[in-house]
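**Student:** Before I ask anything, here is the structure I am working with.
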Protein chains: 4
Amino acid sequence: MKNSIGTSVILTLAGESHGPMICAVLDGLAPGIPVDETYIASRLSLRRSQGPTDTARREQDAFSIVSGVFNGHTTGAPITILIPNEDVRSADYERGLARPSHADYTAHVKYGGFEDWRGGGHFSGRITAGIVAAGAIALSALGRKGITIGTHILECAGVRDEGFSETDSAGQIEKLQDMSFPVLSDVREAMEARILEAKAAQDSVGGILETAVCGLPAGVGEPWFGSVEGVLANAIMSIGGIKGVEFGSGFALAGMCGSEANDAFCVKEGKVLTRTNHNGGVNGGISNGMPLIFRAVVKPTPSIGKPQPSVDLDSCTEAELQIRGRHDPAIVRRASIVVSSLTAIVLCDLLAQRFGTDYLK
Amino acid sequence: MKNSIGTSVILTLAGESHGPMICAVLDGLAPGIPVDETYIASRLSLRRSQGPTDTARREQDAFSIVSGVFNGHTTGAPITILIPNEDVRSADYERGLARPSHADYTAHVKYGGFEDWRGGGHFSGRITAGIVAAGAIALSALGRKGITIGTHILECAGVRDEGFSETDSAGQIEKLQDMSFPVLSDVREAMEARILEAKAAQDSVGGILETAVCGLPAGVGEPWFGSVEGVLANAIMSIGGIKGVEFGSGFALAGMCGSEANDAFCVKEGKVLTRTNHNGGVNGGISNGMPLIFRAVVKPTPSIGKPQPSVDLDSCTEAELQIRGRHDPAIVRRASIVVSSLTAIVLCDLLAQRFGTDYLK
Amino acid sequence: MKNSIGTSVILTLAGESHGPMICAVLDGLAPGIPVDETYIASRLSLRRSQGPTDTARREQDAFSIVSGVFNGHTTGAPITILIPNEDVRSADYERGLARPSHADYTAHVKYGGFEDWRGGGHFSGRITAGIVAAGAIALSALGRKGITIGTHILECAGVRDEGFSETDSAGQIEKLQDMSFPVLSDVREAMEARILEAKAAQDSVGGILETAVCGLPAGVGEPWFGSVEGVLANAIMSIGGIKGVEFGSGFALAGMCGSEANDAFCVKEGKVLTRTNHNGGVNGGISNGMPLIFRAVVKPTPSIGKPQPSVDLDSCTEAELQIRGRHDPAIVRRASIVVSSLTAIVLCDLLAQRFGTDYLK
Amino acid sequence: MKNSIGTSVILTLAGESHGPMICAVLDGLAPGIPVDETYIASRLSLRRSQGPTDTARREQDAFSIVSGVFNGHTTGAPITILIPNEDVRSADYERGLARPSHADYTAHVKYGGFEDWRGGGHFSGRITAGIVAAGAIALSALGRKGITIGTHILECAGVRDEGFSETDSAGQIEKLQDMSFPVLSDVREAMEARILEAKAAQDSVGGILETAVCGLPAGVGEPWFGSVEGVLANAIMSIGGIKGVEFGSGFALAGMCGSEANDAFCVKEGKVLTRTNHNGGVNGGISNGMPLIFRAVVKPTPSIGKPQPSVDLDSCTEAELQIRGRHDPAIVRRASIVVSSLTAIVLCDLLAQRFGTDYLK
């Protein structure tokens, strides 16, 4: 697998930052799912750059669905979504100097100089527009089954949001649905201030995203290499800038003892639950019916205005780079809907594997 | 994919904790790789329980290779390794009460009561013996190409080892090769003391493993869903008890600004390097030639002697569980070679995809 | 796998007969392959309907490549090709009556009535335009390595062409390159006459296509389920209307004895060859360096003008159907380039698996 | 995919003709399927050599199931079956001279001399014992759902059996279940006589196998590259010696016109059927509820006693080969259960993809 993910429901991504368009093909989704273009547009708008804390590149994401949808519903055939690139300024990019912590150098080694280097080419975050558009269909398919997903900015530039609550994550997910700056407590202003400070200093910041999924039935996921955690980790790590993923209490488990970390069982109204959720809704790689909780770390945007030591890819000599172009001083806000979207696609896949291709119909 | 991982080099795992044997099939490895059974045995011995800090179950891992090896070399056909289970005491396990934070409940939901529940069945850590045996062949194949892998216990029960050095990770990896308790500084006694304390309290502890890979060529990995990070994360997360994976500076990147986190380029002896390695050797999902560095968190062993609130799977009622059986108060030590082994198999796969099936010949 | 094929080089198809466009994504091809749009257009023209023996639907196939190509060369990123549908007359099709031997009924069962039924929807031969466009790039990549592919109409409506010669298949392949009605001997007029007879009778005819590949190195293909024969058979059988595939002497082998059928070895200029080629260039699923030869049977086009007993999909009652719409009295001519194209894509995949992603660079 | 096939239900094969054992891993089958070792043994006995028309190598196939079965039922975890090789005489084989129409030469090129060449190594028909053992479990899983499979020898050495009837293929399948020489009419003696003639002449013969599947629900299979025909063709072509596969009327369709070849619909007791079955139960790659019918051609066994022109693999010079060893003058009889078994495994996979992993439970 390269640009495709999934076994029964499969997403394929194509396109470049400065090419004519981004293309996402979502194959294997059940027939009969209503496709609401307004909802897709609303998800894309959450990802779109919009104010001083985002890049000045302003794409309209005027997507079109050119296959797999008929009379307003999925047909079961592959869904192709095209999203044109309109606000492209390739002149801002200069071939030759590798931007540190970007894929310029590794793409150059891998593709031998034939890569489309403009704006990061195929490695650009721009491609995630395809994830969001396809993910919107997956999100609404899951929603019809009572499975909801929300992602918030748990941390940005040292400012920390509160985490998902153990008692009302479903309500919190609902609250997050249309928030353009998704946080659970009153931290937006503080975060934005820090982002603008970094921007003023020609610098950038990173953060941590936290995702919750409610309503996922128990028994989903496969043993060993098809685990919910492994498959989701692969998906989420594939998003540019994400360098770590943890489930449940994650790295904090290293400091707990078993009697603290174990999630004791209880039975409520005939349903097996756990009293705590340190395992984030997954045991042995398989969902246990509790909320699925994970966090992903987003590194500071590597594109910064400050001069940086670089290397000339053609001559293989050292050189100083000053990045022009338009870029985001932080991508956590825009990445949050990408994480939710990709999670939705992966869960559609796991559900279809488990219950068949008609499950989400 | 369920119990198999890989595209060009594929590992398949089968077996149960209390079944007759564990079976690992490693397919796609290049022909002509010398297979040294003594080396395989030595890797298995690193995983084997051995002292008071491990379970009292003592398996001899008297493996046999029954296909794919001829005249002491790999043939290119699938390699089958069988590892008998000998020290099994199923009477210690009692069907019906789900052990908290184990896969008992989720397996029951998924398999409807037909699962082999003895000792965790197919979800048991015992199956990782197959990873280590197959991984030993992968490790030696990589070694012939100058690619070395080492994993140490970075943290256990609150005791912290030093991390991999930016200047001599290759030397550190070498030092770790045959350490039964792999640490880089003088922390073994302190860690063991804490583990024994937990054991005395009928409790358990967790930890963090850190892995370094040296010698991996730049340009390996695929865009998006075939990234080095994503593919490795899927593999490593599949190991029972691992709940998080981070690359390079990982979650700490959330608190850095771009100018700190970016890895500036330099050129040394005609080779492009980076001055720091916050990205852990991967940019855009593709190796950049610097050491590959990642960490994985291991939760405290869920099997503890203390009584725990559980649920009876047949009657779906609450019940108290007191686990008998033999178990590890900490699995970090034993898990370290599992992580190195699985990393080796994944890298063999990525290299074969990139350079063809004969690359490791 | 549904609408995708391949392991290292992967083709994904999307689109419907009466949707806005066909979409083909070709992922994993080496970077640096020149992409000649004129050549792609010429391959599409071989598939295009063009005279009285073809359907009256006249598509211009004004394709555009929207990703994966930069400065006239492949970049290594996925190549997306879009081919608009322009000459669509959905009014010719009437929902409800299943056309015999088409996918109308099976699609209805599988997709529960949500399928795009117009003109066969996603099951239409129109989708093969995507195979031809993507295959043109694969064909030219192989051509640079001296690997050539040709397909001719071995049989149509009872008229038989001569087969590939054992001594000059390479020359015959070359001759076939730009033939719009590809035959090796003087049978075009006879075949066309029979097709027109069938058309006049509101009927249709089928045929047999024969394909040869020259220059394929020995040692390509994988054991058992990755065999050259199996992988190609899956690909070729996926083309609508193809109901059988045979390699080398194929079904005729049933009547031979071993001493006739065995291909004796000889050595010429230091190269191992076989004196005959009853195995069609493949032994044990792996190429042996001789020309790869296979045949595929194409059933008579199921769309015929004659009234036929059908079933009403909504009421599940019998009904008579008279197909209007425009259709081909025979598709063998148009299918020939589809077979060559898909063969090229599959061989690019097998070569990349064997020799790495840069082999065709 | 190399030695594995399937998406949801996956078969992996390992082992060599003269190694210690054959290993088959069948992963993804539903839990709760009764596993009857007597039935498995009976399927293996159908494949076993047994009289003068078969090889003198007499394996007992004393298989053992070492994972994935518990209390007599499948658990849902991978099932590992081991079949020891006992009657091995490696001294009969002499390294160096490639046997014509075997995989000796291609394996040598692919694996560079490291292949296990004894008795064909991993390419030997011996490995199909693993298919039969695993397939027996699949056959019984399907049987519980009313899906039955039978294969007979339609043609051998010029003697032709009658084909499956359009009116009672289910009854014919039942009759074939335990026939060691599966034919539908009174042709056994004539076929055996011809095989013995060939044997006496130190020669061999081939034939055609015909398979029918009854009870398969409509709507199974995936569009394009997941078609019933394509996926089955890949599987069946992977069996050594099979060089062609055709569905329904197959190659005979080339000589029909559409009005003959089309399968007119009718409705019987509320069920949609077709009056003829020229499409062999598949339209557009998806099952239509009619019997699935296909034929496979088996080439004459390449191992013959007559001297043959060969090549010395080490010196790359011509040499005459006289094969000793024990071999089958015809493998059609033994291959018939292999085809049924592999068909069963592929159908379990397609059904699990369509209806979920519990469908066969």
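Starting from 1 in every chain, residues are counted up; chains themselves are A, B, ... following the order of the structure tokens, and ligands are numbered from 1 as listed.
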If we count only C-alpha atoms and set the cut-off at 9 Å, which residues sit around Gly96 in chain A, ignoring sequence neighbours fewer than 5 positions away in its own chain? Please answer as number ranges by chain.
**Tutor:** A: 104, 117, 311-315
**Student:** Mind checking which residues fall within 8 Å of Pro300 in chain A, counting only C-alpha atoms, ignoring those fewer than 2 positions away in the same chain, and posting them as a list in words?
**Tutor:**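 In the requested form, the answer reads Ser204, Val205, Gly206, Gly207, Gly241, Val298, Pro302, Pro329, Ala330 and Ile331 of chain A; Leu253, Ala254, Met256, Cys257, Gly258 and Ala261 of chain B.
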**Student:** Would you mind exporting C-alpha atoms of the selected residues as a tab-separated table (two decimals), in the first residue's frame?
**Tutor:**
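Output (selection_37.tsv):
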```tsv
chain	number	residue	atom	x	y	z
A	204	SER	CA	5.60	28.17	14.15
A	205	VAL	CA	4.09	25.98	16.87
A	206	GLY	CA	2.71	22.45	17.21
A	207	GLY	CA	0.25	20.72	19.46
A	241	GLY	CA	3.42	16.44	10.67
A	298	VAL	CA	1.42	17.52	15.50
A	302	PRO	CA	8.30	23.17	9.32
A	329	PRO	CA	2.09	29.19	11.78
A	330	ALA	CA	0.19	26.22	13.25
A	331	ILE	CA	-1.79	23.45	11.60
B	253	LEU	CA	7.28	18.34	19.65
B	254	ALA	CA	3.97	19.79	20.89
B	256	MET	CA	8.58	23.23	20.60
B	257	CYS	CA	8.52	25.98	18.04
B	258	GLY	CA	9.48	25.30	14.44
B	261	ALA	CA	12.13	21.42	16.03
```
**Student:** Have a look at CA of Ile127 in chain B and CA of Gly15 in chain B and let me know their distance in Å, one decimal.
**Tutor:**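 For CA of Ile127 in chain B relative to CA of Gly15 in chain B, the distance reads 6.5 Å.
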**Student:** Fewer than 3 positions away in the same chain doesn't count, so skip those; otherwise give me all residues within 9 Å of range 151-157 of chain B, counting only C-alpha atoms, as number ranges by chain.
**Tutor:** A: 254-257; B: 160-164, 173, 176-177, 181-184, 191-192, 194-195, 198, 204-213, 295, 300, 330, 332-333, 336-337, 339-340
**Student:** If you keep C-alpha atoms, can you produce a file of those selected residues as an mmCIF file, in the first residue's frame?
**Tutor:**
```
data_model
loop_
_atom_site.group_PDB
_atom_site.id
_atom_site.type_symbol
_atom_site.label_atom_id
_atom_site.label_comp_id
_atom_site.auth_asym_id
_atom_site.auth_seq_id
_atom_site.Cartn_x
_atom_site.Cartn_y
_atom_site.Cartn_z
ATOM 1 C CA ALA A 254 4.364 3.860 31.811
ATOM 2 C CA GLY A 255 4.053 5.424 35.247
ATOM 3 C CA MET A 256 1.029 3.489 36.487
ATOM 4 C CA CYS A 257 0.843 0.119 38.168
ATOM 5 C CA ARG B 160 14.522 6.433 33.569
ATOM 6 C CA ASP B 161 17.427 5.289 31.421
ATOM 7 C CA GLU B 162 19.330 7.744 29.270
ATOM 8 C CA GLY B 163 18.174 8.061 25.667
ATOM 9 C CA PHE B 164 20.021 7.224 22.461
ATOM 10 C CA ILE B 173 22.967 -0.424 19.421
ATOM 11 C CA LEU B 176 22.599 -3.626 23.435
ATOM 12 C CA GLN B 177 22.805 -6.684 21.188
ATOM 13 C CA PHE B 181 18.140 -6.453 30.469
ATOM 14 C CA PRO B 182 18.822 -3.814 27.833
ATOM 15 C CA VAL B 183 19.588 -0.390 29.284
ATOM 16 C CA LEU B 184 22.099 2.259 28.260
ATOM 17 C CA MET B 191 14.307 -0.974 37.680
ATOM 18 C CA GLU B 192 14.418 -4.547 38.904
ATOM 19 C CA ARG B 194 10.723 -1.590 41.455
ATOM 20 C CA ILE B 195 9.469 -4.557 39.493
ATOM 21 C CA ALA B 198 5.216 -4.444 42.408
ATOM 22 C CA SER B 204 2.563 -4.918 37.946
ATOM 23 C CA VAL B 205 4.364 -2.050 36.225
ATOM 24 C CA GLY B 206 4.805 -0.725 32.697
ATOM 25 C CA GLY B 207 7.407 1.277 30.846
ATOM 26 C CA ILE B 208 8.706 2.825 27.658
ATOM 27 C CA LEU B 209 10.905 1.148 25.080
ATOM 28 C CA GLU B 210 13.143 3.147 22.782
ATOM 29 C CA THR B 211 14.408 1.761 19.501
ATOM 30 C CA ALA B 212 17.149 2.986 17.170
ATOM 31 C CA VAL B 213 17.976 1.791 13.683
ATOM 32 C CA ARG B 295 9.517 4.920 21.412
ATOM 33 C CA PRO B 300 1.536 -2.481 33.115
ATOM 34 C CA ALA B 330 6.562 -6.333 33.972
ATOM 35 C CA VAL B 332 9.210 -4.367 29.189
ATOM 36 C CA ARG B 333 12.376 -6.433 29.334
ATOM 37 C CA SER B 336 12.307 -5.169 23.912
ATOM 38 C CA ILE B 337 13.530 -7.917 21.592
ATOM 39 C CA VAL B 339 10.049 -4.648 19.127
ATOM 40 C CA SER B 340 13.490 -4.957 17.522
#
```
**Student:** Quick one: residues within 6 Å of Glu222 in chain B, only C-alpha atoms, excluding same-chain residues fewer than 4 positions away - as an NGL selection string?
**Tutor:** (:A and (2)) or (:B and (226-227))
**Student:** Restricting it to N, CA and C atoms, dump the selection as a JSON list (two decimals), in the first residue's frame.
**Tutor:**
```
[["chain", "number", "residue", "atom", "x", "y", "z"],
["A", 2, "LYS", "N", 0.51, 2.16, -0.85],
["A", 2, "LYS", "CA", 1.21, 3.43, -0.90],
["A", 2, "LYS", "C", 0.19, 4.50, -0.59],
["B", 226, "GLY", "N", 1.85, 4.29, 3.20],
["B", 226, "GLY", "CA", 2.96, 3.35, 3.28],
["B", 226, "GLY", "C", 4.17, 4.01, 3.93],
["B", 227, "SER", "N", 3.93, 5.01, 4.76],
["B", 227, "SER", "CA", 5.04, 5.72, 5.40],
["B", 227, "SER", "C", 5.78, 4.82, 6.38]]
```
**Student:** Just want the 7 Å neighbourhood of Arg275 in chain D, counted on only C-alpha atoms, with same-chain residues fewer than 3 positions away dropped. Output as a list of chain:residue names.
**Tutor:** D:Asp263, D:Ala264, D:Phe265, D:Cys266
**Student:** Please produce an output containing N, CA and C atoms for each residue in the selection, written as a PDB file, in the first residue's frame.
**Tutor:**
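The result, written out as again-v1.pdb:
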```pdb
ATOM      1  N   ASP D 263     -28.386 -15.513 -21.734  1.00  0.00           N
ATOM      2  CA  ASP D 263     -29.185 -16.346 -20.840  1.00  0.00           C
ATOM      3  C   ASP D 263     -30.482 -15.609 -20.494  1.00  0.00           C
ATOM      4  N   ALA D 264     -31.561 -16.015 -21.152  1.00  0.00           N
ATOM      5  CA  ALA D 264     -32.848 -15.355 -20.930  1.00  0.00           C
ATOM      6  C   ALA D 264     -33.303 -15.552 -19.490  1.00  0.00           C
ATOM      7  N   PHE D 265     -33.932 -14.524 -18.931  1.00  0.00           N
ATOM      8  CA  PHE D 265     -34.414 -14.604 -17.553  1.00  0.00           C
ATOM      9  C   PHE D 265     -35.780 -15.275 -17.492  1.00  0.00           C
ATOM     10  N   CYS D 266     -36.063 -15.882 -16.378  1.00  0.00           N
ATOM     11  CA  CYS D 266     -37.419 -16.310 -16.068  1.00  0.00           C
ATOM     12  C   CYS D 266     -37.600 -16.201 -14.553  1.00  0.00           C
TER      13      CYS D 266
END
```
**Student:** Run DSSP on the backbone of this structure and report the residues of range 29-158 of chain B it assigns to helix (DSSP H, G or I), as a PyMOL selection string.
**Tutor:** chain B and resi 37-47+90-92+104-111+118-123+125-144
**Student:** Would you list the contacts of Ile33 in chain B as a list in words, taking every protein, DNA or RNA residue within 8 Å and counting only C-alpha atoms, but skipping same-chain residues closer than 3 positions in sequence?
**Tutor:** Ala30, His73, Thr74, Ala141, Leu360 and Lys361 of chain B
**Student:** For chain B, which residues have at least one atom within 9 Å of chain D, if we go by only C-alpha atoms? Write them as a ChimeraX atom specification, please.
**Tutor:** /B:1-3,7-8,10,12-16,19-23,25,27-28,30-32,66-71,73-80,110-116,122,358
**Student:** Output N, CA and C atoms for every residue in that selection, as a compact mmCIF listing (two decimals), in the first residue's frame.
**Tutor:**
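Output (part.txt):
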```txt
# COMPACT_ATOMS: atom_id res chain seq x y z
N MET B 1 -5.98 -7.38 6.24
CA MET B 1 -4.92 -8.06 6.97
C MET B 1 -5.36 -8.31 8.41
N LYS B 2 -5.13 -9.51 8.85
CA LYS B 2 -5.45 -9.86 10.23
C LYS B 2 -4.14 -10.26 10.90
N ASN B 3 -3.77 -11.50 10.73
CA ASN B 3 -2.58 -12.00 11.38
C ASN B 3 -1.36 -11.95 10.48
N THR B 7 3.97 -6.33 2.58
CA THR B 7 3.58 -6.31 1.18
C THR B 7 4.50 -7.21 0.36
N SER B 8 5.77 -7.04 0.53
CA SER B 8 6.73 -7.83 -0.23
C SER B 8 7.34 -8.91 0.67
N ILE B 10 6.33 -10.75 4.10
CA ILE B 10 5.07 -10.89 4.84
C ILE B 10 5.23 -11.86 6.00
N THR B 12 3.23 -13.96 8.90
CA THR B 12 1.93 -14.46 9.36
C THR B 12 2.13 -15.19 10.67
N LEU B 13 1.27 -14.90 11.64
CA LEU B 13 1.37 -15.51 12.97
C LEU B 13 0.17 -16.38 13.26
N ALA B 14 0.40 -17.54 13.84
CA ALA B 14 -0.70 -18.39 14.28
C ALA B 14 -0.30 -19.08 15.57
N GLY B 15 -1.28 -19.56 16.30
CA GLY B 15 -1.00 -20.29 17.54
C GLY B 15 -1.72 -19.69 18.73
N GLU B 16 -1.77 -20.46 19.80
CA GLU B 16 -2.40 -20.00 21.02
C GLU B 16 -1.49 -20.29 22.21
N GLY B 19 -2.04 -23.85 23.17
CA GLY B 19 -2.09 -24.83 22.09
C GLY B 19 -0.77 -25.56 22.00
N PRO B 20 -0.65 -26.48 21.05
CA PRO B 20 0.59 -27.25 20.97
C PRO B 20 1.81 -26.44 20.54
N MET B 21 1.61 -25.40 19.75
CA MET B 21 2.78 -24.67 19.25
C MET B 21 2.40 -23.32 18.66
N ILE B 22 3.40 -22.48 18.51
CA ILE B 22 3.29 -21.20 17.82
C ILE B 22 3.85 -21.40 16.42
N CYS B 23 3.22 -20.79 15.43
CA CYS B 23 3.68 -20.94 14.05
C CYS B 23 3.88 -19.55 13.44
N VAL B 25 5.12 -17.75 9.77
CA VAL B 25 5.53 -17.93 8.38
C VAL B 25 6.06 -16.59 7.88
N ASP B 27 7.39 -14.85 4.61
CA ASP B 27 7.40 -15.06 3.17
C ASP B 27 8.01 -13.85 2.46
N GLY B 28 8.76 -14.11 1.42
CA GLY B 28 9.23 -13.01 0.57
C GLY B 28 10.64 -12.55 0.85
N ALA B 30 14.55 -12.47 0.68
CA ALA B 30 15.46 -12.83 -0.41
C ALA B 30 16.05 -14.22 -0.21
N PRO B 31 16.37 -14.90 -1.30
CA PRO B 31 17.11 -16.15 -1.18
C PRO B 31 18.57 -15.86 -0.82
N GLY B 32 19.24 -16.86 -0.28
CA GLY B 32 20.68 -16.74 -0.07
C GLY B 32 21.11 -16.12 1.24
N VAL B 66 10.74 -25.54 9.33
CA VAL B 66 10.30 -26.69 8.54
C VAL B 66 10.10 -26.38 7.05
N SER B 67 10.37 -25.14 6.65
CA SER B 67 10.32 -24.84 5.21
C SER B 67 11.13 -23.59 4.93
N GLY B 68 11.51 -23.41 3.68
CA GLY B 68 12.11 -22.16 3.25
C GLY B 68 13.59 -22.00 3.52
N VAL B 69 14.19 -22.98 4.16
CA VAL B 69 15.64 -22.92 4.42
C VAL B 69 16.24 -24.22 3.89
N PHE B 70 17.33 -24.11 3.17
CA PHE B 70 17.94 -25.28 2.52
C PHE B 70 19.44 -25.05 2.52
N ASN B 71 20.18 -26.04 2.94
CA ASN B 71 21.64 -25.91 3.02
C ASN B 71 22.06 -24.66 3.80
N HIS B 73 20.67 -21.75 4.10
CA HIS B 73 20.34 -20.43 3.56
C HIS B 73 18.85 -20.36 3.25
N THR B 74 18.33 -19.15 3.25
CA THR B 74 16.95 -18.97 2.80
C THR B 74 16.88 -19.33 1.33
N THR B 75 15.72 -19.87 0.94
CA THR B 75 15.55 -20.29 -0.46
C THR B 75 14.76 -19.26 -1.27
N GLY B 76 14.07 -18.36 -0.57
CA GLY B 76 13.15 -17.45 -1.24
C GLY B 76 11.70 -17.90 -1.06
N ALA B 77 11.50 -19.16 -0.74
CA ALA B 77 10.15 -19.67 -0.45
C ALA B 77 9.80 -19.35 1.01
N PRO B 78 8.53 -19.43 1.37
CA PRO B 78 8.15 -19.04 2.74
C PRO B 78 8.83 -19.91 3.79
N ILE B 79 9.30 -19.24 4.82
CA ILE B 79 10.00 -19.88 5.93
C ILE B 79 8.98 -20.14 7.04
N THR B 80 8.83 -21.39 7.42
CA THR B 80 7.90 -21.72 8.51
C THR B 80 8.70 -22.10 9.74
N LYS B 110 -16.27 -10.92 19.93
CA LYS B 110 -15.93 -11.11 18.52
C LYS B 110 -16.15 -12.54 18.07
N TYR B 111 -15.77 -13.49 18.89
CA TYR B 111 -15.80 -14.89 18.45
C TYR B 111 -16.97 -15.67 19.05
N GLY B 112 -17.79 -14.99 19.81
CA GLY B 112 -19.04 -15.60 20.25
C GLY B 112 -18.88 -16.79 21.15
N GLY B 113 -17.80 -16.85 21.91
CA GLY B 113 -17.64 -17.95 22.85
C GLY B 113 -16.86 -19.12 22.30
N PHE B 114 -16.51 -19.06 21.03
CA PHE B 114 -15.73 -20.15 20.44
C PHE B 114 -14.22 -19.96 20.59
N GLU B 115 -13.82 -18.79 21.09
CA GLU B 115 -12.39 -18.52 21.22
C GLU B 115 -11.72 -19.49 22.20
N ASP B 116 -10.44 -19.73 21.95
CA ASP B 116 -9.64 -20.50 22.90
C ASP B 116 -9.23 -19.52 24.00
N HIS B 122 -5.15 -16.85 21.39
CA HIS B 122 -4.39 -16.28 20.29
C HIS B 122 -3.92 -14.85 20.59
N ASP B 358 15.58 -9.12 -4.34
CA ASP B 358 16.94 -9.63 -4.15
C ASP B 358 17.83 -8.71 -3.33
```
**Student:** Can you check which residues of range 46-259 of chain D DSSP gives as strand (DSSP E or B) on the backbone and send them as a PyMOL selection string?
**Tutor:** chain D and resi 64-67+69-70+73-74+79-84+97+148-156+159-160+205+207-214+242-247+257
**Student:** Give me, as a compact mmCIF listing (two decimals) with N, CA and C atoms, in the first residue's frame, all polymer residues having an atom no more than 8 Å from Val338 in chain C, counting only C-alpha atoms and skipping those fewer than 4 positions away in the same chain.
**Tutor:**
```
# COMPACT_ATOMS: atom_id res chain seq x y z
N ARG C 47 -9.14 1.97 -29.28
CA ARG C 47 -10.29 1.45 -28.55
C ARG C 47 -11.60 2.13 -28.97
N THR C 128 -13.31 0.77 -19.49
CA THR C 128 -12.01 0.29 -20.00
C THR C 128 -11.22 1.39 -20.69
N ALA C 129 -11.84 2.51 -20.98
CA ALA C 129 -11.05 3.65 -21.49
C ALA C 129 -9.97 4.03 -20.48
N ILE C 131 -8.45 1.97 -18.47
CA ILE C 131 -7.39 0.96 -18.57
C ILE C 131 -6.46 1.30 -19.72
N VAL C 132 -7.04 1.71 -20.84
CA VAL C 132 -6.22 1.99 -22.03
C VAL C 132 -5.34 3.23 -21.81
N ARG C 334 -12.30 -3.67 -30.39
CA ARG C 334 -12.05 -2.63 -29.38
C ARG C 334 -11.40 -3.22 -28.12
N LEU C 342 -3.93 -3.72 -20.19
CA LEU C 342 -4.00 -4.27 -18.84
C LEU C 342 -2.83 -5.23 -18.61
```
**Student:** Using only C-alpha atoms, which residue out of C:Val159, C:Val346, C:Met179, C:Ala98 lies closest to Ala193 in chain C?
**Tutor:** C:Val159
**Student:** I'd like the interatomic distance between CA of Leu351 in chain D and CA of Gly215 in chain D, to a tenth of an Å.
**Tutor:**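 Computing it gives 12.2 Å between the two atoms.
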**Student:** Choose the residue, out of B:Gly120, B:Pro291, B:Ala235, B:Val267, that has the smallest atom-to-atom separation from Pro100 in chain B; count only C-alpha atoms.
**Tutor:** B:Gly120
